[in-house]
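Have a look at the structure below before the remarks.
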Amino acid sequence: MQNLPTTLAGWLSALETMHPKAIDMGLDRVRQVKDRLGIRFECPVFTVGGTNGKGSTCAMLESILMQAGYRVGLYTSPHLIDFNERARVNGEIASDAALMEQFTAVEAARGDISLTYFEFTTLAILRLFAQAQLDAVILEVGLGGRLDAVNVIDPDVAIVTSVDIDHTEYLGDTREQIGFEKAGIFRAGKAAICGDPVPPQSLIDHAAAIGADLWLFGRDYNYSGDKQQWNFGGRSQRRNSLGYPSLRGANQLLNASAALAALEALRNRLPVGAQEVRNGLVMVELPGRFQVLPGRPSVILDVAHNPHAAATLAQNLDNMGFHRYTYAVFGAMHDKDIDGVIAQLKDRVDHWCVTDLPLPRAASAEQLRQRLLDAGVAPSTAPGAEKTIETFSSPAAAFANARSRAGENDRIAVFGSFLTVAGVMEFRRSEGRSGKA
């Protein structure tokens, strides 16, 4: 870059066109620049991969460790509204100035090595953390594991939350192939936590082949509970009388128990007390993961964008109790298993508000409408019809329409892509600024 950008938005815009491919799997280029920058961590590192549940597990680890008084860095992706959300130091989102300083350093170090947007920004955030005198670092894998840029860092404990079908063009189209890619974050002699109750054999075999210390759910750790509280049991540690995580949803105890297993594996380096675990689980927050907003009609934000996540969303909707009608604000990328997502939710939705999204990768609203028709969703054009499909040019327009039609005993579920949820969040935020919310 000849003239360095002077704003964060300028940097991000420039990075989007720096590399010929948006995704370029492989670690050689990233590792070379990491070594030039001298990025290394003296503190424990958690790396968290998986098809679904990564964000929740990272958020719980961060919350518990911060309650225990540790200084924590958390790297997640993608962001919902602002890029800065990807880098948090002790719960605080990184400033534009802090990120731009690191971007400048990466640009100076890379020389003639071309980096993708994700690789460049990952290196910048890793360097930010390396300079922040942290007690623990939590890194969420962006895509897969084995060849993801995050994997240039050797973790002290790795977690694979779940293995299901997603990103098939990069990871393969079977759970066995994808499981092998996810298991690429495991390290010899280090704890490798698998939160999937039915792990692919490829993951188990890879852990054995490299000599990782594999913790399997149901064998090495487990949970039990009733409606009031739950208990965690690990290899040698029990956590009893825990309150349910503040993150809602059917899978959160799986995610929480994987997080507690990881903390047990590192308890000699990062001891955490019982009350700190309780407080951390109760206080954890994560926007867009079965997030139920206050008020009527109920509004649910969920970044579910594959069939596995959609099945969990369907279960969570079923557990909410009676709502007269369910409106869906739905937008998706065309390379996702759209039919699989629809199949999980078509019987739970009465009114579909399908939307375009501002990316070339996105399926159009009209394409989504056709997929719904093909799946057997039969709308009526009669006044007051109980089944409808309408198309919109943006998530904001789709949400505004759903809200105008929904009664106080109805609910609106926003899902299908991070961009769908982000569009609605930004719309609500702009309403708040103008005093309409």
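Chain labels A, B, ... are given in the sequence in which chains occur in the structure tokens; within each chain residues are numbered consecutively from 1, and ligands are likewise numbered from 1 in the order shown.
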
message = Show me, as a PyMOL selection string, the residues that have an atom within 6 Å of stretch 71-73 of chain A when counting only C-alpha atoms, minus same-chain residues fewer than 5 positions from it.
response = chain A and resi 88-90+134-137

request  = Taking the DSSP assignment computed from this structure's backbone, write out as a VMD selection string all residues of stretch 114-214 of chain A that belong to strand (DSSP E).
outcome  = chain A and resid 136 to 140 157 to 160 191 to 194 213 to 214

Next, the residues of the selection above should be written as a compact mmCIF listing (two decimals), in the first residue's frame with N, CA and C atoms.
# COMPACT_ATOMS: atom_id res chain seq x y z
N ALA A 136 -5.06 -14.40 29.77
CA ALA A 136 -5.63 -15.48 28.96
C ALA A 136 -6.08 -14.90 27.63
N VAL A 137 -5.97 -15.71 26.58
CA VAL A 137 -6.41 -15.31 25.24
C VAL A 137 -7.38 -16.38 24.73
N ILE A 138 -8.52 -15.92 24.18
CA ILE A 138 -9.53 -16.81 23.62
C ILE A 138 -9.66 -16.48 22.14
N LEU A 139 -9.44 -17.46 21.28
CA LEU A 139 -9.46 -17.25 19.83
C LEU A 139 -10.55 -18.11 19.21
N GLU A 140 -11.50 -17.47 18.55
CA GLU A 140 -12.54 -18.20 17.83
C GLU A 140 -12.08 -18.47 16.40
N VAL A 157 -5.29 -25.23 25.16
CA VAL A 157 -6.45 -26.13 25.12
C VAL A 157 -7.28 -25.73 23.91
N ALA A 158 -7.76 -26.73 23.18
CA ALA A 158 -8.59 -26.50 22.00
C ALA A 158 -9.96 -27.12 22.24
N ILE A 159 -11.00 -26.41 21.79
CA ILE A 159 -12.37 -26.89 21.94
C ILE A 159 -13.00 -26.98 20.55
N VAL A 160 -13.59 -28.12 20.22
CA VAL A 160 -14.47 -28.24 19.06
C VAL A 160 -15.88 -28.43 19.61
N ALA A 191 -4.76 -30.53 26.01
CA ALA A 191 -6.17 -30.90 26.14
C ALA A 191 -6.93 -30.54 24.88
N ALA A 192 -7.75 -31.47 24.39
CA ALA A 192 -8.58 -31.27 23.21
C ALA A 192 -10.01 -31.65 23.60
N ILE A 193 -10.85 -30.64 23.74
CA ILE A 193 -12.21 -30.85 24.25
C ILE A 193 -13.16 -30.99 23.06
N CYS A 194 -13.96 -32.04 23.03
CA CYS A 194 -14.98 -32.18 21.98
C CYS A 194 -16.36 -32.17 22.62
N ASP A 213 -4.64 -34.86 24.14
CA ASP A 213 -5.36 -35.37 25.31
C ASP A 213 -6.85 -35.12 25.10
N LEU A 214 -7.54 -36.06 24.47
CA LEU A 214 -8.92 -35.86 24.04
C LEU A 214 -9.91 -36.04 25.18

Sorted by chain and rising residue number, which residues of stretch 302-353 of chain A lie within 8 Å of stretch 418-435 of chain A, and what are their closest atom pairs and distances in Å to one decimal, counting only C-alpha atoms, as a tab-separated table?
residue	atom	partner	partner_atom	distance
A:Asp302	CA	A:Val421	CA	6.9
A:Val303	CA	A:Phe418	CA	5.2
A:Val329	CA	A:Thr420	CA	7.7
A:Phe330	CA	A:Thr420	CA	6.8
A:Gly331	CA	A:Thr420	CA	5.6
A:Ala332	CA	A:Thr420	CA	7.5

Using the selection just defined, write its residues with all heavy atoms as a PDB file, in the first residue's frame.
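Output file selection_35.pdb is given in full below:
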ATOM      1  N   ASP A 302     -31.319 -14.438  15.851  1.00  0.00           N
ATOM      2  CA  ASP A 302     -30.515 -15.655  15.881  1.00  0.00           C
ATOM      3  C   ASP A 302     -29.762 -15.791  14.565  1.00  0.00           C
ATOM      4  O   ASP A 302     -30.378 -15.786  13.496  1.00  0.00           O
ATOM      5  CB  ASP A 302     -31.402 -16.883  16.113  1.00  0.00           C
ATOM      6  CG  ASP A 302     -30.600 -18.103  16.547  1.00  0.00           C
ATOM      7  OD1 ASP A 302     -29.662 -18.480  15.826  1.00  0.00           O
ATOM      8  OD2 ASP A 302     -30.911 -18.685  17.603  1.00  0.00           O
ATOM      9  N   VAL A 303     -28.437 -15.921  14.635  1.00  0.00           N
ATOM     10  CA  VAL A 303     -27.631 -15.978  13.414  1.00  0.00           C
ATOM     11  C   VAL A 303     -27.615 -17.376  12.790  1.00  0.00           C
ATOM     12  O   VAL A 303     -26.727 -17.692  11.992  1.00  0.00           O
ATOM     13  CB  VAL A 303     -26.181 -15.492  13.671  1.00  0.00           C
ATOM     14  CG1 VAL A 303     -26.174 -14.015  14.020  1.00  0.00           C
ATOM     15  CG2 VAL A 303     -25.519 -16.318  14.770  1.00  0.00           C
ATOM     16  N   VAL A 329     -38.132 -13.001   9.528  1.00  0.00           N
ATOM     17  CA  VAL A 329     -37.318 -12.132   8.677  1.00  0.00           C
ATOM     18  C   VAL A 329     -36.109 -12.971   8.297  1.00  0.00           C
ATOM     19  O   VAL A 329     -35.260 -13.294   9.140  1.00  0.00           O
ATOM     20  CB  VAL A 329     -36.908 -10.845   9.419  1.00  0.00           C
ATOM     21  CG1 VAL A 329     -35.963 -10.019   8.555  1.00  0.00           C
ATOM     22  CG2 VAL A 329     -38.147 -10.035   9.795  1.00  0.00           C
ATOM     23  N   PHE A 330     -36.034 -13.354   7.031  1.00  0.00           N
ATOM     24  CA  PHE A 330     -35.102 -14.388   6.592  1.00  0.00           C
ATOM     25  C   PHE A 330     -34.303 -13.911   5.384  1.00  0.00           C
ATOM     26  O   PHE A 330     -34.875 -13.516   4.363  1.00  0.00           O
ATOM     27  CB  PHE A 330     -35.900 -15.650   6.239  1.00  0.00           C
ATOM     28  CG  PHE A 330     -35.084 -16.805   5.706  1.00  0.00           C
ATOM     29  CD1 PHE A 330     -33.912 -17.196   6.314  1.00  0.00           C
ATOM     30  CD2 PHE A 330     -35.529 -17.508   4.586  1.00  0.00           C
ATOM     31  CE1 PHE A 330     -33.178 -18.278   5.821  1.00  0.00           C
ATOM     32  CE2 PHE A 330     -34.803 -18.584   4.082  1.00  0.00           C
ATOM     33  CZ  PHE A 330     -33.630 -18.968   4.705  1.00  0.00           C
ATOM     34  N   GLY A 331     -32.979 -13.907   5.530  1.00  0.00           N
ATOM     35  CA  GLY A 331     -32.073 -13.636   4.417  1.00  0.00           C
ATOM     36  C   GLY A 331     -30.897 -14.573   4.531  1.00  0.00           C
ATOM     37  O   GLY A 331     -30.493 -14.934   5.644  1.00  0.00           O
ATOM     38  N   ALA A 332     -30.346 -15.027   3.409  1.00  0.00           N
ATOM     39  CA  ALA A 332     -29.312 -16.061   3.476  1.00  0.00           C
ATOM     40  C   ALA A 332     -28.338 -15.948   2.314  1.00  0.00           C
ATOM     41  O   ALA A 332     -28.654 -15.377   1.264  1.00  0.00           O
ATOM     42  CB  ALA A 332     -29.963 -17.450   3.475  1.00  0.00           C
TER      43      ALA A 332
END

request  = Within 8 Å of A:Met283, counting only C-alpha atoms, which residues show up once you throw out same-chain ones fewer than 3 positions away? Write them as a list in words, please.
outcome  =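 Residues meeting the cut-off are Ser63, Pro245, Ser246, Asn279 and Gly280 of chain A.
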
Would you export the selected residues with all heavy atoms as a short mmCIF file (atom, residue, chain, number, x, y, z; two decimals), in the first residue's frame, please?
data_model
loop_
_atom_site.label_atom_id
_atom_site.label_comp_id
_atom_site.auth_asym_id
_atom_site.auth_seq_id
_atom_site.Cartn_x
_atom_site.Cartn_y
_atom_site.Cartn_z
N SER A 63 -16.41 -14.52 30.15
CA SER A 63 -17.14 -14.02 31.30
C SER A 63 -16.65 -14.65 32.61
O SER A 63 -16.44 -13.95 33.62
CB SER A 63 -18.65 -14.29 31.10
OG SER A 63 -19.40 -13.75 32.15
N PRO A 245 -26.97 -20.67 32.29
CA PRO A 245 -26.37 -19.51 31.61
C PRO A 245 -27.43 -18.52 31.17
O PRO A 245 -28.55 -18.91 30.82
CB PRO A 245 -25.67 -20.15 30.39
CG PRO A 245 -25.52 -21.59 30.71
CD PRO A 245 -26.66 -21.94 31.61
N SER A 246 -27.07 -17.25 31.18
CA SER A 246 -28.04 -16.23 30.75
C SER A 246 -28.29 -16.32 29.25
O SER A 246 -29.29 -15.80 28.76
CB SER A 246 -27.55 -14.83 31.13
OG SER A 246 -26.34 -14.54 30.46
N ASN A 279 -21.16 -16.69 38.70
CA ASN A 279 -21.34 -15.31 38.26
C ASN A 279 -21.08 -15.16 36.77
O ASN A 279 -21.81 -14.44 36.06
CB ASN A 279 -20.41 -14.38 39.04
CG ASN A 279 -20.78 -14.27 40.51
OD1 ASN A 279 -21.86 -14.69 40.91
ND2 ASN A 279 -19.88 -13.73 41.31
N GLY A 280 -20.05 -15.82 36.28
CA GLY A 280 -19.71 -15.71 34.87
C GLY A 280 -20.81 -16.23 33.97
O GLY A 280 -21.13 -15.62 32.93
#

key: Using only C-alpha atoms: which of A:Gly234, A:Gly321, A:Pro287, A:Gly145 has the shortest distance to A:Gly49   =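 Closest residue, counting only C-alpha atoms: A:Gly145.
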
request  = List the neighbours of A:Val277 out to 12 Å using only C-alpha atoms; skip same-chain residues closer than 3 positions along the sequence, and give me the result as a ChimeraX atom specification.
outcome  = /A:60-69,231-232,238-245,256-257,259-260,263-264,271-274,280-284

Expected file contents, prior selection, C-alpha atoms, as an mmCIF file, in the first residue's frame:
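In the end it all went to result_1.cif:
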data_model
loop_
_atom_site.group_PDB
_atom_site.id
_atom_site.type_symbol
_atom_site.label_atom_id
_atom_site.label_comp_id
_atom_site.auth_asym_id
_atom_site.auth_seq_id
_atom_site.Cartn_x
_atom_site.Cartn_y
_atom_site.Cartn_z
ATOM 1 C CA MET A 60 -18.784 -18.000 28.587
ATOM 2 C CA LEU A 61 -15.033 -18.525 28.904
ATOM 3 C CA GLU A 62 -14.445 -14.772 28.748
ATOM 4 C CA SER A 63 -17.144 -14.019 31.304
ATOM 5 C CA ILE A 64 -15.994 -16.648 33.821
ATOM 6 C CA LEU A 65 -12.314 -15.705 33.530
ATOM 7 C CA MET A 66 -13.096 -12.003 33.921
ATOM 8 C CA GLN A 67 -15.187 -12.758 37.021
ATOM 9 C CA ALA A 68 -12.097 -14.531 38.385
ATOM 10 C CA GLY A 69 -10.123 -11.314 37.935
ATOM 11 C CA ASN A 231 -24.143 -29.685 37.760
ATOM 12 C CA PHE A 232 -20.898 -30.229 35.853
ATOM 13 C CA ARG A 238 -17.307 -31.173 40.037
ATOM 14 C CA ARG A 239 -19.233 -27.915 39.864
ATOM 15 C CA ASN A 240 -22.563 -28.212 41.637
ATOM 16 C CA SER A 241 -25.646 -26.000 42.016
ATOM 17 C CA LEU A 242 -24.891 -23.846 38.980
ATOM 18 C CA GLY A 243 -27.418 -21.362 37.652
ATOM 19 C CA TYR A 244 -28.384 -21.693 34.014
ATOM 20 C CA PRO A 245 -26.365 -19.513 31.608
ATOM 21 C CA ALA A 256 -21.075 -24.363 29.055
ATOM 22 C CA SER A 257 -19.834 -27.826 30.001
ATOM 23 C CA ALA A 259 -16.032 -24.385 28.580
ATOM 24 C CA LEU A 260 -15.842 -25.805 32.117
ATOM 25 C CA LEU A 263 -11.051 -24.566 32.482
ATOM 26 C CA GLU A 264 -10.571 -27.822 34.396
ATOM 27 C CA PRO A 271 -7.677 -21.403 38.854
ATOM 28 C CA VAL A 272 -11.331 -20.346 38.983
ATOM 29 C CA GLY A 273 -13.589 -20.536 42.041
ATOM 30 C CA ALA A 274 -17.134 -21.876 42.213
ATOM 31 C CA GLY A 280 -19.710 -15.708 34.870
ATOM 32 C CA LEU A 281 -22.493 -17.922 33.522
ATOM 33 C CA VAL A 282 -25.226 -15.642 34.828
ATOM 34 C CA MET A 283 -23.629 -12.461 33.459
ATOM 35 C CA VAL A 284 -22.535 -13.686 30.011
#

task = For each of A:Gly10, A:Gly288, A:Gly111, A:Pro20, take the minimum atom-to-atom distance to A:Val33, counting only C-alpha atoms, then give the residue where this is smallest.
result = A:Gly111

Long-range neighbours of A:Glu176 as a PDB file with C-alpha atoms, in the first residue's frame, 7 Å cut-off, only C-alpha atoms, 5 positions minimum in chain:
ATOM      1  CA  PRO A 200     -16.924 -38.024  13.939  1.00  0.00           C
ATOM      2  CA  GLN A 201     -14.442 -40.894  14.049  1.00  0.00           C
ATOM      3  CA  SER A 202     -12.033 -38.742  12.028  1.00  0.00           C
TER       4      SER A 202
END

task = Mind giving me the straight-line distance from atom CA of A:Asn84 to atom CA of A:Val106 in Å, one decimal?
result =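 Distance between the two atoms: 16.9 Å.
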
message = Just want the 9 Å neighbourhood of A:Ala406, counted on only C-alpha atoms, with same-chain residues fewer than 6 positions away dropped. Output as a PyMOL selection string.
response = chain A and resi 297+325-327+412

I need the chosen residues saved as a PDB file, in the first residue's frame, with N, CA, C and O atoms.
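Listed below is the output, selection_7.pdb:
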ATOM      1  N   PRO A 297     -44.501  -7.150  20.113  1.00  0.00           N
ATOM      2  CA  PRO A 297     -44.368  -8.607  20.056  1.00  0.00           C
ATOM      3  C   PRO A 297     -42.940  -9.049  20.365  1.00  0.00           C
ATOM      4  O   PRO A 297     -41.994  -8.256  20.272  1.00  0.00           O
ATOM      5  N   TYR A 325     -49.069 -16.013  16.038  1.00  0.00           N
ATOM      6  CA  TYR A 325     -48.416 -16.118  14.735  1.00  0.00           C
ATOM      7  C   TYR A 325     -46.923 -15.878  14.886  1.00  0.00           C
ATOM      8  O   TYR A 325     -46.491 -15.084  15.727  1.00  0.00           O
ATOM      9  N   THR A 326     -46.144 -16.547  14.050  1.00  0.00           N
ATOM     10  CA  THR A 326     -44.702 -16.322  13.987  1.00  0.00           C
ATOM     11  C   THR A 326     -44.355 -15.719  12.631  1.00  0.00           C
ATOM     12  O   THR A 326     -44.684 -16.292  11.581  1.00  0.00           O
ATOM     13  N   TYR A 327     -43.702 -14.572  12.668  1.00  0.00           N
ATOM     14  CA  TYR A 327     -43.192 -13.907  11.470  1.00  0.00           C
ATOM     15  C   TYR A 327     -41.694 -14.200  11.370  1.00  0.00           C
ATOM     16  O   TYR A 327     -40.983 -14.167  12.380  1.00  0.00           O
ATOM     17  N   ILE A 412     -41.546 -12.339  16.221  1.00  0.00           N
ATOM     18  CA  ILE A 412     -40.789 -12.137  14.985  1.00  0.00           C
ATOM     19  C   ILE A 412     -39.414 -12.770  15.168  1.00  0.00           C
ATOM     20  O   ILE A 412     -38.663 -12.378  16.066  1.00  0.00           O
TER      21      ILE A 412
END

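With atom CA of A:His323 on one side and atom CA of A:Val292 on the other, the separation reads 13.8 Å.
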
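Shortest separation to A:Arg411 among A:Gly26, A:Pro199, A:Gly295, A:Gly179 occurs at residue A:Gly295, atoms counted being only C-alpha atoms.
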
inquiry  = Which residues are near A:Glu119? Cut-off 12 Å, only C-alpha atoms, ignore same chain within fewer than 2 positions. Put them as a PyMOL selection string.
reply    = chain A and resi 15-16+18-19+21-34+77+103+106-107+110+113-117+121-126+141-143+147-152

remark   = Judged by only C-alpha atoms, the minimum distance to A:Pro294 among A:Glu408, A:Asn251, A:Ala397, A:Gly55 is found for A:Glu408

query = Using only C-alpha atoms, which of A:Ala314, A:Leu293, A:Met333, A:Ala209 sits nearest A:Pro360?
reply = A:Met333

inquiry  = According to DSSP computed on the backbone, where in stretch 154-189 of chain A is there helix (DSSP H, G or I)? Give the residues as a ChimeraX atom specification.
reply    = /A:168-171,175-185

Take the residues just selected and output them with all heavy atoms as a compact mmCIF listing (two decimals), in the first residue's frame.
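Resulting contents of selection_30.txt:
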# COMPACT_ATOMS: atom_id res chain seq x y z
N THR A 168 -19.11 -26.35 2.84
CA THR A 168 -18.71 -27.61 2.20
C THR A 168 -17.68 -27.41 1.09
O THR A 168 -16.87 -28.31 0.82
CB THR A 168 -19.95 -28.32 1.61
OG1 THR A 168 -20.64 -27.40 0.74
CG2 THR A 168 -20.88 -28.78 2.71
N GLU A 169 -17.68 -26.21 0.45
CA GLU A 169 -16.72 -25.99 -0.63
C GLU A 169 -15.29 -25.93 -0.14
O GLU A 169 -14.34 -26.13 -0.91
CB GLU A 169 -17.08 -24.71 -1.41
CG GLU A 169 -16.91 -23.42 -0.63
CD GLU A 169 -18.14 -23.03 0.19
OE1 GLU A 169 -18.81 -23.91 0.77
OE2 GLU A 169 -18.40 -21.82 0.27
N TYR A 170 -15.10 -25.67 1.16
CA TYR A 170 -13.76 -25.60 1.73
C TYR A 170 -13.42 -26.78 2.64
O TYR A 170 -12.26 -27.15 2.76
CB TYR A 170 -13.59 -24.30 2.54
CG TYR A 170 -13.78 -23.07 1.70
CD1 TYR A 170 -14.93 -22.29 1.82
CD2 TYR A 170 -12.81 -22.66 0.79
CE1 TYR A 170 -15.11 -21.15 1.05
CE2 TYR A 170 -12.97 -21.53 0.01
CZ TYR A 170 -14.13 -20.78 0.14
OH TYR A 170 -14.30 -19.66 -0.63
N LEU A 171 -14.44 -27.35 3.28
CA LEU A 171 -14.19 -28.32 4.35
C LEU A 171 -14.60 -29.74 4.00
O LEU A 171 -14.28 -30.67 4.74
CB LEU A 171 -14.92 -27.90 5.64
CG LEU A 171 -14.66 -26.48 6.13
CD1 LEU A 171 -15.46 -26.20 7.40
CD2 LEU A 171 -13.18 -26.25 6.38
N ARG A 175 -19.60 -35.22 7.58
CA ARG A 175 -19.15 -34.91 8.95
C ARG A 175 -17.74 -35.45 9.19
O ARG A 175 -16.98 -34.87 9.96
CB ARG A 175 -20.12 -35.48 9.99
CG ARG A 175 -21.44 -34.75 10.08
CD ARG A 175 -22.31 -35.28 11.23
NE ARG A 175 -21.87 -34.78 12.52
CZ ARG A 175 -21.43 -35.54 13.52
NH1 ARG A 175 -21.33 -36.85 13.37
NH2 ARG A 175 -21.08 -34.99 14.67
N GLU A 176 -17.40 -36.56 8.57
CA GLU A 176 -16.05 -37.12 8.75
C GLU A 176 -14.99 -36.18 8.18
O GLU A 176 -13.95 -35.93 8.81
CB GLU A 176 -15.95 -38.50 8.11
CG GLU A 176 -16.77 -39.57 8.82
CD GLU A 176 -16.32 -39.83 10.26
OE1 GLU A 176 -15.12 -39.69 10.55
OE2 GLU A 176 -17.19 -40.17 11.09
N GLN A 177 -15.23 -35.67 6.97
CA GLN A 177 -14.27 -34.74 6.37
C GLN A 177 -14.18 -33.45 7.20
O GLN A 177 -13.09 -32.94 7.48
CB GLN A 177 -14.68 -34.40 4.94
CG GLN A 177 -14.54 -35.54 3.96
CD GLN A 177 -15.13 -35.20 2.59
OE1 GLN A 177 -16.24 -34.69 2.49
NE2 GLN A 177 -14.38 -35.49 1.54
N ILE A 178 -15.34 -32.92 7.57
CA ILE A 178 -15.36 -31.67 8.33
C ILE A 178 -14.76 -31.87 9.72
O ILE A 178 -14.03 -31.01 10.22
CB ILE A 178 -16.81 -31.13 8.41
CG1 ILE A 178 -17.29 -30.74 6.99
CG2 ILE A 178 -16.91 -29.95 9.37
CD1 ILE A 178 -18.76 -30.41 6.91
N GLY A 179 -15.02 -33.03 10.33
CA GLY A 179 -14.45 -33.33 11.65
C GLY A 179 -12.93 -33.31 11.63
O GLY A 179 -12.28 -32.82 12.57
N PHE A 180 -12.34 -33.83 10.56
CA PHE A 180 -10.87 -33.81 10.43
C PHE A 180 -10.36 -32.38 10.36
O PHE A 180 -9.35 -32.02 10.99
CB PHE A 180 -10.45 -34.58 9.18
CG PHE A 180 -8.98 -34.47 8.88
CD1 PHE A 180 -8.05 -35.19 9.62
CD2 PHE A 180 -8.52 -33.63 7.87
CE1 PHE A 180 -6.68 -35.08 9.35
CE2 PHE A 180 -7.16 -33.52 7.60
CZ PHE A 180 -6.24 -34.25 8.35
N GLU A 181 -11.05 -31.52 9.59
CA GLU A 181 -10.64 -30.11 9.49
C GLU A 181 -10.75 -29.41 10.84
O GLU A 181 -9.86 -28.64 11.23
CB GLU A 181 -11.47 -29.39 8.43
CG GLU A 181 -11.25 -29.88 7.01
CD GLU A 181 -9.84 -29.62 6.49
OE1 GLU A 181 -9.21 -28.65 6.96
OE2 GLU A 181 -9.38 -30.37 5.63
N LYS A 182 -11.86 -29.65 11.56
CA LYS A 182 -12.03 -29.02 12.88
C LYS A 182 -10.95 -29.48 13.85
O LYS A 182 -10.43 -28.70 14.65
CB LYS A 182 -13.40 -29.37 13.46
CG LYS A 182 -14.60 -29.01 12.58
CD LYS A 182 -14.92 -27.55 12.58
CE LYS A 182 -16.20 -27.26 11.82
NZ LYS A 182 -16.36 -25.84 11.51
N ALA A 183 -10.61 -30.78 13.79
CA ALA A 183 -9.62 -31.34 14.72
C ALA A 183 -8.22 -30.81 14.46
O ALA A 183 -7.31 -31.04 15.28
CB ALA A 183 -9.62 -32.87 14.62
N GLY A 184 -8.02 -30.07 13.37
CA GLY A 184 -6.72 -29.49 13.08
C GLY A 184 -6.23 -28.50 14.12
O GLY A 184 -5.05 -28.13 14.12
N ILE A 185 -7.12 -28.03 15.01
CA ILE A 185 -6.69 -27.10 16.06
C ILE A 185 -6.12 -27.84 17.28
O ILE A 185 -5.57 -27.21 18.18
CB ILE A 185 -7.81 -26.14 16.50
CG1 ILE A 185 -9.00 -26.90 17.12
CG2 ILE A 185 -8.28 -25.29 15.33
CD1 ILE A 185 -10.08 -26.00 17.71

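Among A:Asp335, A:Asp347, A:Asp220, A:Asp410, the residue with the shortest atom-to-atom distance to A:Arg361, counting only C-alpha atoms, is A:Asp335.
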